[in-house]
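Report on the following structure.
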Amino acid sequence: MHRAVVLGTGSCLPRRVLTNDDLEQMVDTSDEWISARTGIRTRRIAGTGEQNYQLASQAAEKALAAAKVSAEEIDLIAVATLTPHMMMPSCACFVQAEIGAKKAFAFDLNAACSGFLYGLDMADKYIVANPAMKVLLIGSETLSARINWEDRNTCILFGDGAGACVLTGAAERGIVDCNLYSDGSLWKLLYMDSPASRNPDLLIEERNGCFMQMTGRDVFKHAVRAMENAVLDLLDRQQVSINEVSLVIPHQANIRILNKLTERLGVDQEKVFINVDKYGNTSAASIPIALDEANRQKRLEQGDLVLFCSFGGGFTWGSLLMRW
């Protein structure tokens with residue numbers, strides 16, 4: 001059976017760097033407090049000419065160049081995002097126009113921080129059905145537009161950026177297996193409200209504004225346990241030891257979650273790719289940005305087993321195993 005294999009990766013980060021020292025001037029916090037609790041030292045903030053679709057398009061063009069695939073060859077564009085700059089058209093349609101992928105159909109998917117993982121599984125399903133298909137999968141976010149910059153518990157965590165990959169079918173390599181989950185009953189622990197309704201019969205009172213809301217302690221508890229179980233179930237089903245995995249690329253939420261997960265899985269820390277210190281939590285963009293960096297740093301060799309895992313609002317979470 002042919003499965004989805006990565007042909008090339010790319011990423012794009014905004015120009016502006018927001019440091020912990022900068023945040024000290026904005027809210028009651030400190031570099032020491034942020035670093036100790038999150039591991040984050042800097043994050044990127046989008047500005048003029050850096051709308052979500054523009055970051056996504058630049059990441060896509062880099063992935064296409066690395067894959068040696070033209071935009072005209074792409075059959076499907078999917079963008080994982082919860083921060084499109086417009087409700088309609090989709091971010092993916094804007095990307096299609098920007099890069100000139102004339103024959104592709106395009107849509108967005110929203111599974112919060114797990115969006116790129118959901119997208120990989122979805123792309124695999126398309127490619128199993130049509131191995132010649134070429135899919136451009138992007139994770140792109142401008143979370144800075146949806147942050148309450150007076151809330152020190154959330155504004156310190158999130159950043160902007162985009163990552164992309166080009167996938168097609170291969171017989172010997174590619175996605176091995178995937179576990180995906182969700183639990184909508186816990187939505188109040190991590191959510192972003194919608195803008196106020198213009199329908200007088202659908203007015204919702206007591207809105208907190210269209211920005212990120214999070215109960216950090218509870219999210220931490222659920223995130224570690226959920227990702228651990230998703231990974232262990234997947235490895236057990238495939239009869240793969242964690243020691244056989246060459247590289248783990250987790251969602252870059254914060255360093256405490258990553259360290260606790262690494263400890264519970266019993267994986268060597270040198271096998272866990274971490275860049276949360278540079279970019280913060282970029283939601284659906286965090287895994288593809290990390291994947292591109294790992295790829296360009298030559299941390300991946302053909303035949304390596306790569307393990308991805310993520311957790312995000314919804315709640316959504318999962319794990320995915322890929323033969324590089």
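Chains: A, B, ... in order of the structure tokens. Residues: from 1 per chain. Ligands: from 1, in order shown.
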
request  = Write down as a PyMOL selection string the residues of segment 80-272 of chain A whose backbone DSSP state falls under helix (DSSP H, G or I).
outcome  = chain A and resi 91-99+112-129+143-146+152-155+184-189+200-202+216-238+242-244+255-265+269-271

request  = Might you pull out every residue within 8 Å of Ala80 of chain A, with only C-alpha atoms counted and same-chain residues fewer than 3 positions away left off, and present them as a PyMOL selection string?
outcome  = chain A and resi 108-112+115-116+119+137-140+284-285

Nearest residue to Met322 of chain A from the set A:Val272, A:Cys210, A:Ala294, A:Val245 (distances using only C-alpha atoms) =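 Of the candidates, the smallest distance to Met322 of chain A is held by A:Val245.
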
Atom CA of Lys298 of chain A to atom CA of Lys278 of chain A, distance in Å rounded to a single decimal = 19.0 Å

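Note that the spacing between atom CA of Arg299 of chain A and atom CA of Thr9 of chain A amounts to 13.2 Å.
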
Using only C-alpha atoms, tabulate the residues of segment 19-76 of chain A lying at most 12 Å from any atom of segment 86-91 of chain A, each with its closest atom pair and that distance in Å to one decimal, by chain and increasing residue number, as JSON lines.
{"residue": "A:Gln51", "atom": "CA", "partner": "A:Cys91", "partner_atom": "CA", "distance": 9.8}
{"residue": "A:Asn52", "atom": "CA", "partner": "A:Cys91", "partner_atom": "CA", "distance": 7.3}
{"residue": "A:Tyr53", "atom": "CA", "partner": "A:Cys91", "partner_atom": "CA", "distance": 5.4}
{"residue": "A:Gln54", "atom": "CA", "partner": "A:Cys91", "partner_atom": "CA", "distance": 9.2}
{"residue": "A:Leu55", "atom": "CA", "partner": "A:Cys91", "partner_atom": "CA", "distance": 10.5}
{"residue": "A:Ala56", "atom": "CA", "partner": "A:Cys91", "partner_atom": "CA", "distance": 8.3}
{"residue": "A:Ser57", "atom": "CA", "partner": "A:Cys91", "partner_atom": "CA", "distance": 9.5}

message = If we count only C-alpha atoms and set the cut-off at 9 Å, which residues sit around Ile289 of chain A, ignoring sequence neighbours fewer than 5 positions away in its own chain? Please answer as number ranges by chain.
response = A: 9-13, 139, 161-164, 275, 282, 294

Write out the residues from the selection above, keeping N, CA and C atoms, as a compact mmCIF listing (two decimals), in the first residue's frame.
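Ended up saving to again23.txt:
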# COMPACT_ATOMS: atom_id res chain seq x y z
N THR A 9 9.86 20.33 2.94
CA THR A 9 9.30 21.13 4.03
C THR A 9 9.71 22.60 3.87
N GLY A 10 8.97 23.48 4.54
CA GLY A 10 9.30 24.90 4.53
C GLY A 10 8.65 25.59 5.72
N SER A 11 9.14 26.77 6.07
CA SER A 11 8.55 27.53 7.17
C SER A 11 8.78 29.01 6.95
N CYS A 12 8.00 29.82 7.65
CA CYS A 12 8.11 31.27 7.56
C CYS A 12 7.77 31.88 8.91
N LEU A 13 8.66 32.70 9.42
CA LEU A 13 8.46 33.37 10.71
C LEU A 13 8.41 34.87 10.49
N GLY A 139 0.44 24.48 8.26
CA GLY A 139 -0.06 24.93 9.56
C GLY A 139 0.37 26.38 9.72
N GLY A 161 3.48 32.26 13.11
CA GLY A 161 4.38 31.60 12.17
C GLY A 161 3.63 30.60 11.31
N ALA A 162 4.36 30.00 10.36
CA ALA A 162 3.77 29.02 9.45
C ALA A 162 4.80 27.97 9.08
N GLY A 163 4.32 26.75 8.89
CA GLY A 163 5.15 25.66 8.40
C GLY A 163 4.37 24.86 7.38
N ALA A 164 5.06 24.23 6.45
CA ALA A 164 4.38 23.52 5.36
C ALA A 164 5.15 22.29 4.94
N ASN A 275 11.90 23.69 20.07
CA ASN A 275 12.22 25.08 19.69
C ASN A 275 11.26 26.08 20.32
N THR A 282 2.91 28.20 18.78
CA THR A 282 2.32 28.69 17.53
C THR A 282 1.17 27.80 17.06
N ALA A 294 14.02 20.67 11.89
CA ALA A 294 14.70 19.38 12.06
C ALA A 294 15.21 18.86 10.72
